$ cat my_file.json   # JSON, C-alpha atoms and all ligand atoms
[["chain", "number", "residue", "atom", "x", "y", "z"],
["W", 3, "MET", "CA", -17.45, 47.43, 28.29],
["W", 4, "ASN", "CA", -19.69, 47.47, 25.23],
["W", 5, "GLN", "CA", -22.61, 49.74, 26.08],
["W", 6, "SER", "CA", -23.34, 50.47, 22.44],
["W", 7, "ALA", "CA", -27.04, 49.57, 22.62],
["W", 8, "SER", "CA", -28.86, 52.57, 24.05],
["W", 9, "LEU", "CA", -29.80, 52.45, 27.71],
["W", 10, "PRO", "CA", -33.51, 51.63, 28.21],
["W", 11, "ASN", "CA", -35.60, 54.52, 29.57],
["W", 12, "HIS", "CA", -37.49, 52.36, 32.04],
["W", 13, "TRP", "CA", -37.08, 49.36, 34.35],
["W", 14, "ILE", "CA", -40.08, 47.29, 33.31],
["W", 15, "THR", "CA", -38.71, 43.84, 32.55],
["W", 16, "LEU", "CA", -35.22, 42.34, 32.29],
["W", 17, "ARG", "CA", -35.73, 41.38, 28.68],
["W", 18, "ASN", "CA", -35.22, 44.99, 27.58],
["W", 19, "TRP", "CA", -31.80, 45.16, 29.23],
["W", 20, "SER", "CA", -28.77, 43.81, 27.38],
["W", 21, "ARG", "CA", -26.17, 41.68, 29.10],
["W", 22, "ASP", "CA", -23.74, 44.61, 29.17],
["W", 23, "HIS", "CA", -26.30, 46.99, 30.61],
["W", 24, "LEU", "CA", -27.30, 44.45, 33.26],
["W", 25, "ASN", "CA", -23.72, 43.64, 34.25],
["W", 26, "SER", "CA", -22.92, 47.33, 34.44],
["W", 27, "LEU", "CA", -25.98, 47.94, 36.63],
["W", 28, "LEU", "CA", -24.83, 45.17, 38.98],
["W", 29, "LEU", "CA", -21.37, 46.76, 39.21],
["W", 30, "LEU", "CA", -23.00, 50.07, 40.08],
["W", 31, "ALA", "CA", -25.04, 48.35, 42.81],
["W", 32, "HIS", "CA", -21.84, 46.90, 44.34],
["W", 33, "ARG", "CA", -20.25, 50.36, 44.20],
["W", 34, "LEU", "CA", -23.22, 52.05, 45.86],
["W", 35, "LYS", "CA", -23.32, 49.34, 48.52],
["W", 36, "SER", "CA", -19.66, 49.96, 49.36],
["W", 37, "ASP", "CA", -20.38, 53.62, 50.21],
["W", 38, "PRO", "CA", -24.12, 53.92, 51.01],
["W", 39, "LEU", "CA", -24.14, 57.67, 51.72],
["W", 40, "GLY", "CA", -21.35, 58.65, 49.36],
["W", 41, "PHE", "CA", -23.35, 59.33, 46.18],
["W", 42, "LYS", "CA", -26.04, 62.02, 45.69],
["W", 43, "PRO", "CA", -26.90, 61.90, 41.98],
["W", 44, "LEU", "CA", -30.57, 62.63, 42.70],
["W", 45, "GLU", "CA", -30.17, 65.87, 44.67],
["W", 46, "GLY", "CA", -33.28, 68.01, 44.18],
["W", 47, "LYS", "CA", -35.18, 65.21, 42.45],
["W", 48, "THR", "CA", -38.35, 63.36, 43.47],
["W", 49, "LEU", "CA", -39.36, 59.71, 43.17],
["W", 50, "ALA", "CA", -43.12, 59.02, 43.22],
["W", 51, "MET", "CA", -44.20, 55.62, 44.54],
["W", 52, "ILE", "CA", -47.61, 54.08, 43.85],
["W", 53, "PHE", "CA", -48.67, 50.81, 45.47],
["W", 54, "HIS", "CA", -51.82, 48.94, 44.46],
["W", 55, "LYS", "CA", -50.62, 45.91, 46.46],
["W", 56, "ALA", "CA", -49.09, 45.46, 49.92],
["W", 57, "SER", "CA", -45.33, 45.82, 50.43],
["W", 58, "THR", "CA", -42.71, 45.93, 53.15],
["W", 59, "ARG", "CA", -39.31, 45.57, 51.41],
["W", 60, "THR", "CA", -40.07, 47.37, 48.17],
["W", 61, "ARG", "CA", -41.67, 50.36, 49.84],
["W", 62, "ILE", "CA", -38.99, 50.78, 52.51],
["W", 63, "SER", "CA", -36.01, 50.13, 50.23],
["W", 64, "PHE", "CA", -37.21, 52.61, 47.60],
["W", 65, "GLU", "CA", -37.98, 55.22, 50.23],
["W", 66, "VAL", "CA", -34.65, 54.81, 52.04],
["W", 67, "GLY", "CA", -32.68, 54.33, 48.82],
["W", 68, "SER", "CA", -33.99, 57.43, 47.08],
["W", 69, "THR", "CA", -33.35, 59.48, 50.25],
["W", 70, "GLN", "CA", -29.76, 58.20, 50.43],
["W", 71, "LEU", "CA", -29.25, 59.25, 46.80],
["W", 72, "GLY", "CA", -30.47, 62.77, 47.60],
["W", 73, "ALA", "CA", -34.05, 62.50, 46.26],
["W", 74, "HIS", "CA", -37.36, 63.11, 47.96],
["W", 75, "PRO", "CA", -39.57, 59.99, 48.03],
["W", 76, "LEU", "CA", -43.23, 60.81, 47.50],
["W", 77, "MET", "CA", -45.70, 58.10, 48.49],
["W", 78, "ILE", "CA", -48.90, 58.45, 46.49],
["W", 79, "SER", "CA", -51.83, 56.63, 47.96],
["W", 80, "ALA", "CA", -54.15, 55.33, 45.27],
["W", 81, "SER", "CA", -57.13, 55.80, 47.58],
["W", 82, "THR", "CA", -56.56, 59.49, 48.26],
["W", 83, "SER", "CA", -55.47, 60.43, 44.74],
["W", 84, "GLN", "CA", -57.64, 60.55, 41.64],
["W", 85, "LEU", "CA", -56.23, 57.17, 40.57],
["W", 86, "SER", "CA", -58.90, 55.39, 42.63],
["W", 87, "ARG", "CA", -61.61, 57.56, 41.06],
["W", 88, "GLY", "CA", -60.76, 56.40, 37.58],
["W", 89, "GLU", "CA", -58.42, 59.09, 36.22],
["W", 90, "PRO", "CA", -56.82, 57.31, 33.26],
["W", 91, "VAL", "CA", -53.21, 56.13, 33.50],
["W", 92, "GLU", "CA", -52.54, 58.02, 30.26],
["W", 93, "ASP", "CA", -53.47, 61.33, 31.94],
["W", 94, "SER", "CA", -51.90, 60.56, 35.32],
["W", 95, "ALA", "CA", -48.60, 59.59, 33.67],
["W", 96, "ARG", "CA", -48.36, 62.82, 31.67],
["W", 97, "VAL", "CA", -49.30, 64.99, 34.65],
["W", 98, "MET", "CA", -46.91, 63.26, 37.06],
["W", 99, "SER", "CA", -44.07, 63.50, 34.54],
["W", 100, "ARG", "CA", -44.30, 67.27, 34.94],
["W", 101, "TYR", "CA", -43.71, 67.10, 38.70],
["W", 102, "VAL", "CA", -41.45, 64.16, 39.47],
["W", 103, "ASP", "CA", -38.28, 62.58, 38.07],
["W", 104, "GLY", "CA", -39.25, 58.91, 38.29],
["W", 105, "VAL", "CA", -42.26, 56.76, 39.19],
["W", 106, "MET", "CA", -42.12, 53.37, 40.92],
["W", 107, "ILE", "CA", -45.33, 51.37, 40.58],
["W", 108, "ARG", "CA", -46.52, 48.08, 42.10],
["W", 109, "THR", "CA", -49.72, 46.89, 40.52],
["W", 110, "PHE", "CA", -51.65, 43.87, 39.23],
["W", 111, "ASP", "CA", -51.92, 44.12, 35.45],
["W", 112, "HIS", "CA", -48.60, 44.36, 33.63],
["W", 113, "GLU", "CA", -50.34, 46.06, 30.69],
["W", 114, "GLU", "CA", -51.15, 48.97, 33.00],
["W", 115, "LEU", "CA", -47.45, 49.46, 33.69],
["W", 116, "LEU", "CA", -46.72, 49.44, 29.97],
["W", 117, "ARG", "CA", -49.28, 52.24, 29.54],
["W", 118, "TRP", "CA", -47.53, 54.24, 32.27],
["W", 119, "ALA", "CA", -44.25, 53.79, 30.38],
["W", 120, "GLN", "CA", -45.83, 54.76, 27.08],
["W", 121, "TYR", "CA", -47.22, 58.04, 28.40],
["W", 122, "SER", "CA", -44.56, 59.02, 30.94],
["W", 123, "SER", "CA", -41.60, 61.16, 30.00],
["W", 124, "VAL", "CA", -39.75, 60.15, 33.20],
["W", 125, "PRO", "CA", -38.46, 56.64, 34.04],
["W", 126, "ILE", "CA", -41.06, 54.08, 35.16],
["W", 127, "ILE", "CA", -39.82, 51.40, 37.56],
["W", 128, "ASN", "CA", -41.65, 48.09, 37.96],
["W", 129, "GLY", "CA", -42.02, 47.39, 41.68],
["W", 130, "LEU", "CA", -43.87, 44.11, 40.85],
["W", 131, "THR", "CA", -46.76, 43.20, 38.59],
["W", 132, "ASP", "CA", -48.62, 39.91, 38.21],
["W", 133, "LEU", "CA", -46.17, 39.10, 35.41],
["W", 134, "TYR", "CA", -42.72, 40.22, 36.60],
["W", 135, "HIS", "CA", -40.65, 41.28, 39.62],
["W", 136, "PRO", "CA", -37.37, 42.54, 38.09],
["W", 137, "CYS", "CA", -36.25, 44.61, 41.13],
["W", 138, "GLN", "CA", -36.18, 41.46, 43.24],
["W", 139, "ILE", "CA", -34.18, 39.55, 40.65],
["W", 140, "LEU", "CA", -31.55, 42.29, 40.47],
["W", 141, "ALA", "CA", -31.12, 41.99, 44.25],
["W", 142, "ASP", "CA", -30.93, 38.19, 43.92],
["W", 143, "LEU", "CA", -28.26, 38.45, 41.21],
["W", 144, "LEU", "CA", -26.30, 40.81, 43.46],
["W", 145, "THR", "CA", -26.53, 38.28, 46.30],
["W", 146, "ILE", "CA", -25.31, 35.48, 44.02],
["W", 147, "GLN", "CA", -22.33, 37.59, 42.92],
["W", 148, "GLU", "CA", -21.46, 38.33, 46.55],
["W", 149, "GLU", "CA", -21.45, 34.60, 47.22],
["W", 150, "TYR", "CA", -19.65, 33.33, 44.15],
["W", 151, "GLY", "CA", -17.55, 36.36, 43.20],
["W", 152, "LEU", "CA", -17.82, 38.90, 40.43],
["W", 153, "ASP", "CA", -15.34, 37.01, 38.27],
["W", 154, "ARG", "CA", -17.39, 33.83, 38.15],
["W", 155, "PRO", "CA", -18.97, 33.59, 34.68],
["W", 156, "TRP", "CA", -22.75, 33.41, 34.84],
["W", 157, "GLU", "CA", -22.65, 30.43, 32.45],
["W", 158, "GLU", "CA", -20.96, 28.37, 35.20],
["W", 159, "LEU", "CA", -23.77, 28.92, 37.68],
["W", 160, "SER", "CA", -27.02, 27.00, 38.05],
["W", 161, "VAL", "CA", -30.26, 27.97, 39.75],
["W", 162, "ALA", "CA", -33.28, 25.83, 40.69],
["W", 163, "TRP", "CA", -36.66, 27.48, 41.05],
["W", 164, "ILE", "CA", -39.09, 25.34, 43.07],
["W", 165, "GLY", "CA", -42.83, 26.02, 43.01],
["W", 166, "ASP", "CA", -45.14, 28.37, 41.16],
["W", 167, "GLY", "CA", -44.42, 29.60, 37.64],
["W", 168, "ASN", "CA", -45.24, 33.12, 38.81],
["W", 169, "ASN", "CA", -43.93, 36.69, 38.43],
["W", 170, "MET", "CA", -40.66, 35.79, 40.17],
["W", 171, "ALA", "CA", -40.19, 32.72, 37.98],
["W", 172, "HIS", "CA", -40.77, 34.84, 34.87],
["W", 173, "SER", "CA", -38.11, 37.33, 35.90],
["W", 174, "TRP", "CA", -35.68, 34.49, 36.72],
["W", 175, "ILE", "CA", -36.25, 33.14, 33.20],
["W", 176, "GLU", "CA", -35.49, 36.52, 31.66],
["W", 177, "ALA", "CA", -32.33, 36.84, 33.76],
["W", 178, "ALA", "CA", -31.21, 33.38, 32.60],
["W", 179, "ILE", "CA", -31.83, 34.35, 28.97],
["W", 180, "THR", "CA", -29.71, 37.50, 29.30],
["W", 181, "LEU", "CA", -26.90, 36.23, 31.52],
["W", 182, "GLY", "CA", -26.71, 32.59, 30.43],
["W", 183, "PHE", "CA", -26.88, 30.69, 33.73],
["W", 184, "HIS", "CA", -28.68, 27.35, 33.89],
["W", 185, "LEU", "CA", -32.19, 27.52, 35.28],
["W", 186, "ASN", "CA", -34.30, 24.49, 36.23],
["W", 187, "LEU", "CA", -37.89, 25.21, 37.20],
["W", 188, "ALA", "CA", -39.80, 22.51, 39.09],
["W", 189, "CYS", "CA", -43.51, 23.34, 38.97],
["W", 190, "PRO", "CA", -46.58, 21.19, 39.59],
["W", 191, "GLU", "CA", -48.60, 20.46, 36.47],
["W", 192, "GLY", "CA", -50.87, 23.41, 35.71],
["W", 193, "PHE", "CA", -48.56, 25.93, 37.37],
["W", 194, "ASP", "CA", -45.86, 26.32, 34.73],
["W", 195, "PRO", "CA", -44.52, 29.75, 33.76],
["W", 196, "GLN", "CA", -46.37, 31.39, 30.87],
["W", 197, "ALA", "CA", -45.86, 29.54, 27.59],
["W", 198, "SER", "CA", -45.00, 32.76, 25.73],
["W", 199, "ILE", "CA", -42.12, 33.48, 28.14],
["W", 200, "LEU", "CA", -40.84, 29.88, 27.88],
["W", 201, "ASP", "CA", -41.09, 30.07, 24.07],
["W", 202, "TYR", "CA", -39.11, 33.30, 24.15],
["W", 203, "ALA", "CA", -36.43, 31.59, 26.28],
["W", 204, "LYS", "CA", -36.28, 28.74, 23.78],
["W", 205, "SER", "CA", -36.01, 31.14, 20.83],
["W", 206, "ARG", "CA", -33.06, 32.83, 22.55],
["W", 207, "GLY", "CA", -31.34, 29.47, 23.16],
["W", 208, "ALA", "CA", -31.49, 29.88, 26.96],
["W", 209, "ASN", "CA", -30.58, 27.08, 29.38],
["W", 210, "VAL", "CA", -34.06, 27.01, 30.89],
["W", 211, "GLU", "CA", -35.86, 23.76, 31.63],
["W", 212, "VAL", "CA", -39.25, 23.06, 33.22],
["W", 213, "MET", "CA", -39.63, 19.79, 35.11],
["W", 214, "ARG", "CA", -42.03, 18.20, 37.56],
["W", 215, "SER", "CA", -39.54, 16.84, 40.09],
["W", 216, "PRO", "CA", -38.00, 19.23, 42.66],
["W", 217, "GLN", "CA", -35.35, 16.55, 43.35],
["W", 218, "GLU", "CA", -34.31, 16.50, 39.70],
["W", 219, "ALA", "CA", -34.32, 20.32, 39.51],
["W", 220, "VAL", "CA", -32.00, 20.90, 42.49],
["W", 221, "LYS", "CA", -29.41, 18.24, 41.67],
["W", 222, "ASP", "CA", -25.95, 19.83, 42.14],
["W", 223, "VAL", "CA", -27.22, 23.39, 41.60],
["W", 224, "ASP", "CA", -25.56, 26.45, 43.18],
["W", 225, "VAL", "CA", -28.73, 28.33, 44.10],
["W", 226, "VAL", "CA", -32.10, 27.00, 45.27],
["W", 227, "THR", "CA", -34.95, 29.48, 45.38],
["W", 228, "THR", "CA", -38.69, 29.53, 45.87],
["W", 229, "ASP", "CA", -41.64, 31.82, 46.60],
["W", 230, "VAL", "CA", -45.12, 31.67, 48.08],
["W", 231, "TRP", "CA", -47.61, 29.28, 46.51],
["W", 232, "ALA", "CA", -50.36, 31.91, 46.29],
["W", 233, "SER", "CA", -49.21, 35.35, 45.19],
["W", 234, "MET", "CA", -50.95, 38.63, 45.97],
["W", 235, "GLY", "CA", -54.31, 38.56, 44.23],
["W", 236, "GLN", "CA", -54.55, 34.74, 44.42],
["W", 237, "GLU", "CA", -55.62, 34.54, 48.07],
["W", 238, "GLU", "CA", -58.83, 32.68, 47.21],
["W", 239, "GLU", "CA", -56.83, 29.90, 45.51],
["W", 240, "ALA", "CA", -54.61, 29.35, 48.57],
["W", 241, "GLU", "CA", -56.27, 26.11, 49.70],
["W", 242, "THR", "CA", -56.31, 24.40, 46.30],
["W", 243, "ARG", "CA", -52.77, 25.54, 45.66],
["W", 244, "ALA", "CA", -51.60, 24.13, 49.00],
["W", 245, "ILE", "CA", -52.74, 20.69, 47.80],
["W", 246, "ALA", "CA", -51.15, 21.01, 44.35],
["W", 247, "PHE", "CA", -47.83, 22.20, 45.82],
["W", 248, "LYS", "CA", -47.58, 19.87, 48.81],
["W", 249, "HIS", "CA", -44.52, 18.02, 47.46],
["W", 250, "PHE", "CA", -42.75, 21.26, 46.56],
["W", 251, "MET", "CA", -41.49, 22.44, 49.94],
["W", 252, "VAL", "CA", -37.78, 23.31, 50.06],
["W", 253, "ASP", "CA", -36.60, 21.38, 53.12],
["W", 254, "GLU", "CA", -33.26, 20.00, 54.30],
["W", 255, "ASP", "CA", -33.70, 16.76, 52.31],
["W", 256, "LEU", "CA", -34.07, 18.78, 49.14],
["W", 257, "MET", "CA", -31.13, 21.07, 49.98],
["W", 258, "ASN", "CA", -28.99, 17.96, 50.50],
["W", 259, "ILE", "CA", -29.40, 17.09, 46.81],
["W", 260, "ALA", "CA", -28.14, 20.53, 45.74],
["W", 261, "HIS", "CA", -24.40, 21.32, 45.65],
["W", 262, "PRO", "CA", -23.00, 21.13, 49.22],
["W", 263, "GLU", "CA", -22.03, 24.81, 49.04],
["W", 264, "SER", "CA", -25.30, 25.93, 47.49],
["W", 265, "ILE", "CA", -27.26, 28.86, 48.88],
["W", 266, "PHE", "CA", -30.97, 29.32, 49.46],
["W", 267, "LEU", "CA", -32.81, 32.49, 48.38],
["W", 268, "HIS", "CA", -36.41, 33.62, 48.94],
["W", 269, "CYS", "CA", -37.81, 37.03, 48.00],
["W", 270, "LEU", "CA", -39.91, 37.09, 51.20],
["W", 271, "PRO", "CA", -42.42, 37.20, 52.76],
["W", 272, "ALA", "CA", -42.03, 33.45, 53.44],
["W", 273, "HIS", "CA", -44.53, 30.93, 54.74],
["W", 274, "ARG", "CA", -42.59, 28.55, 56.97],
["W", 275, "GLY", "CA", -43.84, 24.99, 56.65],
["W", 276, "GLU", "CA", -45.30, 25.64, 53.19],
["W", 277, "GLU", "CA", -42.86, 26.53, 50.40],
["W", 278, "VAL", "CA", -39.85, 26.43, 52.76],
["W", 279, "SER", "CA", -39.08, 24.71, 56.04],
["W", 280, "GLU", "CA", -38.04, 26.70, 59.10],
["W", 281, "ALA", "CA", -34.73, 24.79, 59.13],
["W", 282, "VAL", "CA", -33.80, 25.90, 55.61],
["W", 283, "LEU", "CA", -34.96, 29.49, 55.98],
["W", 284, "GLU", "CA", -33.00, 29.91, 59.21],
["W", 285, "GLY", "CA", -30.22, 27.49, 58.27],
["W", 286, "PRO", "CA", -26.58, 27.98, 57.24],
["W", 287, "GLN", "CA", -27.29, 27.96, 53.51],
["W", 288, "SER", "CA", -29.92, 30.69, 53.73],
["W", 289, "ARG", "CA", -28.93, 34.13, 52.41],
["W", 290, "VAL", "CA", -32.39, 35.64, 52.66],
["W", 291, "TRP", "CA", -31.47, 38.53, 54.98],
["W", 292, "ALA", "CA", -28.58, 39.66, 52.78],
["W", 293, "GLU", "CA", -30.90, 39.22, 49.82],
["W", 294, "ALA", "CA", -33.52, 41.47, 51.44],
["W", 295, "GLU", "CA", -30.86, 44.10, 52.21],
["W", 296, "ASN", "CA", -29.70, 43.95, 48.62],
["W", 297, "ARG", "CA", -33.09, 45.23, 47.47],
["W", 298, "LEU", "CA", -31.88, 48.60, 48.75],
["W", 299, "HIS", "CA", -28.55, 48.58, 46.88],
["W", 300, "ALA", "CA", -29.98, 47.12, 43.66],
["W", 301, "GLN", "CA", -32.77, 49.68, 43.49],
["W", 302, "LYS", "CA", -30.41, 52.52, 44.24],
["W", 303, "ALA", "CA", -28.47, 51.41, 41.17],
["W", 304, "ILE", "CA", -31.65, 51.45, 39.06],
["W", 305, "MET", "CA", -32.58, 54.95, 40.28],
["W", 306, "ALA", "CA", -29.03, 56.31, 40.02],
["W", 307, "ARG", "CA", -28.72, 55.06, 36.45],
["W", 308, "LEU", "CA", -32.17, 55.95, 35.11],
["W", 309, "MET", "CA", -32.84, 59.14, 37.06],
["W", 310, "GLY", "CA", -29.33, 60.33, 37.91],
["W", 311, "GLY", "CA", -27.28, 59.41, 34.84],
["W", 312, "MET", "CA", -24.71, 57.51, 36.92],
["E", 401, "LIG", "N1", -39.94, 40.76, 48.11],
["E", 401, "LIG", "C1", -40.78, 41.81, 48.08],
["E", 401, "LIG", "O1", -41.04, 42.41, 47.04],
["E", 401, "LIG", "O2", -41.26, 42.16, 49.30],
["E", 401, "LIG", "P1", -42.44, 43.19, 49.60],
["E", 401, "LIG", "O3", -43.71, 42.58, 49.05],
["E", 401, "LIG", "O4", -42.45, 43.30, 51.09],
["E", 401, "LIG", "O5", -42.14, 44.48, 48.93],
["E", 402, "LIG", "N1", -45.00, 36.16, 43.95],
["E", 402, "LIG", "C1", -45.20, 37.05, 45.10],
["E", 402, "LIG", "C2", -43.98, 37.88, 45.31],
["E", 402, "LIG", "C3", -44.08, 38.79, 46.52],
["E", 402, "LIG", "C4", -42.86, 39.63, 46.70],
["E", 402, "LIG", "C5", -46.41, 37.91, 44.87],
["E", 402, "LIG", "O1", -46.60, 38.41, 43.75],
["E", 402, "LIG", "O2", -47.20, 38.08, 45.80]]
$ encode --input "my_file.json" --output "structure tokens"
Amino acid sequence: MNQSASLPNHWITLRNWSRDHLNSLLLLAHRLKSDPLGFKPLEGKTLAMIFHKASTRTRISFEVGSTQLGAHPLMISASTSQLSRGEPVEDSARVMSRYVDGVMIRTFDHEELLRWAQYSSVPIINGLTDLYHPCQILADLLTIQEEYGLDRPWEELSVAWIGDGNNMAHSWIEAAITLGFHLNLACPEGFDPQASILDYAKSRGANVEVMRSPQEAVKDVDVVTTDVWASMGQEEEAETRAIAFKHFMVDEDLMNIAHPESIFLHCLPAHRGEEVSEAVLEGPQSRVWAEAENRLHAQKAIMARLMGGM
């Protein structure tokens, strides 16, 4: 495998990871999944975790995953640390780098995460910002490979994103750029992904298309995926968004237009009866529980590679 480009120091966004590095990370995730307690590359190390937003999966999977790899997970509460009293990121990052071996952060402003990365001398891991959610996409890619096989070329696979052009959509776009699968995004007018990210996809010749019709987007695709209509921080827009997105629910009629063997993914938490019907979420095409489990294995691969040199 050609790993000639140097390995990135951080896990901030997929666009910094080459195709070879990403494929190799996925292979590592499969390997770690096959023997969950068999690898301890982080013995004696510590992962700090900072959450400025709520979390179930990310928090638990990082805590369990780092423990399984031999590390100590250290939960840092913004409210009881000096972070909430205005200590600058630039200072916090340099101080924490002297104690811990990696920092996972979930926050609002992506620029803040970039400042952490600039001032930290240990790996910074993006546990979700308003702009990206790369940990979730790595778990989703792992789930797709489990379904379609590791030998299936990414170029042969197609994914339909239905709903908001949000942080998840942005990370899907960057995965499509790097790996080469086809990505249709059906978004209501006014809720497209950021133009700069779409322009970047175009400049890289990616198979990424934005459309208005969910029916057109899912036609014959292998993977149908969606997310909440109002992300964390957008709670006040929930009512207006519910109106704009009302024709964008993934239900059985929509799944019937996708390939008969297609799968359904959702990063969770899900709102049944809004972006996805109960029947689809709980139905035979849904892989959401395996997808949620794969957060653990995917993130172990990120930590093992960046913090443990695996
Ligand atoms: N999918 C995801 O990131 O879930 P949490 O918000 O529970 O971490
Ligand atoms: N787009 C959602 C993802 C949650 C995991 C949010 O940012 O709230």
$ residues_near_ligand --input "my_file.json" --ligand "ligand LIG 401 (chain E)" --cutoff "9 Å" --atoms "all atoms listed in the file" --output "list in words"
Lys55, Ala56, Ser57, Thr58, Arg59, Thr60, Arg61, Ile62, Ser63, Arg108, Gly129, Leu130, His135, Cys137, Gln138, Met234, His268, Cys269, Leu270, Pro271, Ala294 and Arg297 of chain W
$ axis_aligned_box --input "my_file.json" --around "stretch 256-260 of chain W" --padding-each-side "4 Å" --output "lines of an AutoDock Vina configuration file"
center_x = -31.1
center_y = 19.1
center_z = 48.1
size_x = 13.9
size_y = 12.0
size_z = 12.8
$ residues_around --input "my_file.json" --residues "stretch 217-223 of chain W" --least-positions-apart "5" --cutoff "12 Å" --atoms "all atoms listed in the file" --output "PyMOL selection string"
chain W and resi 158-165+183-189+210-212+228+249-266
$ write_last_selection --input "my_file.json" --atoms "C-alpha atoms" --output "CSV table (one decimal), in the frame of the given file"
chain,number,residue,atom,x,y,z
W,158,GLU,CA,-21.0,28.4,35.2
W,159,LEU,CA,-23.8,28.9,37.7
W,160,SER,CA,-27.0,27.0,38.0
W,161,VAL,CA,-30.3,28.0,39.8
W,162,ALA,CA,-33.3,25.8,40.7
W,163,TRP,CA,-36.7,27.5,41.0
W,164,ILE,CA,-39.1,25.3,43.1
W,165,GLY,CA,-42.8,26.0,43.0
W,183,PHE,CA,-26.9,30.7,33.7
W,184,HIS,CA,-28.7,27.4,33.9
W,185,LEU,CA,-32.2,27.5,35.3
W,186,ASN,CA,-34.3,24.5,36.2
W,187,LEU,CA,-37.9,25.2,37.2
W,188,ALA,CA,-39.8,22.5,39.1
W,189,CYS,CA,-43.5,23.3,39.0
W,210,VAL,CA,-34.1,27.0,30.9
W,211,GLU,CA,-35.9,23.8,31.6
W,212,VAL,CA,-39.2,23.1,33.2
W,228,THR,CA,-38.7,29.5,45.9
W,249,HIS,CA,-44.5,18.0,47.5
W,250,PHE,CA,-42.8,21.3,46.6
W,251,MET,CA,-41.5,22.4,49.9
W,252,VAL,CA,-37.8,23.3,50.1
W,253,ASP,CA,-36.6,21.4,53.1
W,254,GLU,CA,-33.3,20.0,54.3
W,255,ASP,CA,-33.7,16.8,52.3
W,256,LEU,CA,-34.1,18.8,49.1
W,257,MET,CA,-31.1,21.1,50.0
W,258,ASN,CA,-29.0,18.0,50.5
W,259,ILE,CA,-29.4,17.1,46.8
W,260,ALA,CA,-28.1,20.5,45.7
W,261,HIS,CA,-24.4,21.3,45.6
W,262,PRO,CA,-23.0,21.1,49.2
W,263,GLU,CA,-22.0,24.8,49.0
W,264,SER,CA,-25.3,25.9,47.5
W,265,ILE,CA,-27.3,28.9,48.9
W,266,PHE,CA,-31.0,29.3,49.5
$ residues_around --input "my_file.json" --residues "stretch 66-80 of chain W" --least-positions-apart "2" --cutoff "9 Å" --atoms "all atoms listed in the file" --output "ChimeraX atom specification"
/W:38-54,61-64,82-87,102,298-299,301-302,305-306,310
$ residues_near_point --input "my_file.json" --point "(-42.9, 58.6, 37.4)" --cutoff "9 Å" --atoms "only C-alpha atoms" --output "list in words"
Thr48, Leu49, Ala50, Met51, Ala95, Arg96, Met98, Ser99, Tyr101, Val102, Asp103, Gly104, Val105, Met106, Ile107, Trp118, Ala119, Ser122, Ser123, Val124, Pro125, Ile126 and Ile127 of chain W
$ residues_around --input "my_file.json" --residues "stretch 144-152 of chain W" --least-positions-apart "3" --cutoff "7 Å" --atoms "only C-alpha atoms" --output "tab-separated table (two decimals) with C-alpha atoms, in the coordinates of the input"
chain	number	residue	atom	x	y	z
W	28	LEU	CA	-24.83	45.17	38.98
W	140	LEU	CA	-31.55	42.29	40.47
W	141	ALA	CA	-31.12	41.99	44.25
W	292	ALA	CA	-28.58	39.66	52.78
W	293	GLU	CA	-30.90	39.22	49.82
W	296	ASN	CA	-29.70	43.95	48.62
$ build_atoms --input "my_file.json" --residues "stretch 247-257 of chain W" --atoms "N, CA and C atoms" --output "compact mmCIF listing (two decimals), keeping the file's coordinate frame"
# COMPACT_ATOMS: atom_id res chain seq x y z
N PHE W 247 -49.25 21.93 45.58
CA PHE W 247 -47.83 22.20 45.82
C PHE W 247 -47.25 21.39 46.98
N LYS W 248 -48.02 20.45 47.53
CA LYS W 248 -47.58 19.87 48.81
C LYS W 248 -46.24 19.12 48.74
N HIS W 249 -45.83 18.68 47.56
CA HIS W 249 -44.52 18.02 47.46
C HIS W 249 -43.42 18.97 47.01
N PHE W 250 -43.70 20.27 47.09
CA PHE W 250 -42.75 21.26 46.56
C PHE W 250 -42.13 22.14 47.64
N MET W 251 -42.14 21.66 48.88
CA MET W 251 -41.49 22.44 49.94
C MET W 251 -39.96 22.29 49.83
N VAL W 252 -39.24 23.40 49.99
CA VAL W 252 -37.78 23.31 50.06
C VAL W 252 -37.42 23.02 51.52
N ASP W 253 -36.99 21.78 51.76
CA ASP W 253 -36.60 21.38 53.12
C ASP W 253 -35.15 20.88 53.10
N GLU W 254 -34.67 20.40 54.23
CA GLU W 254 -33.26 20.00 54.30
C GLU W 254 -32.95 18.82 53.37
N ASP W 255 -33.92 17.90 53.22
CA ASP W 255 -33.70 16.76 52.31
C ASP W 255 -33.45 17.26 50.89
N LEU W 256 -34.23 18.25 50.50
CA LEU W 256 -34.07 18.78 49.14
C LEU W 256 -32.73 19.52 49.01
N MET W 257 -32.40 20.32 50.02
CA MET W 257 -31.13 21.07 49.98
C MET W 257 -29.94 20.12 49.94
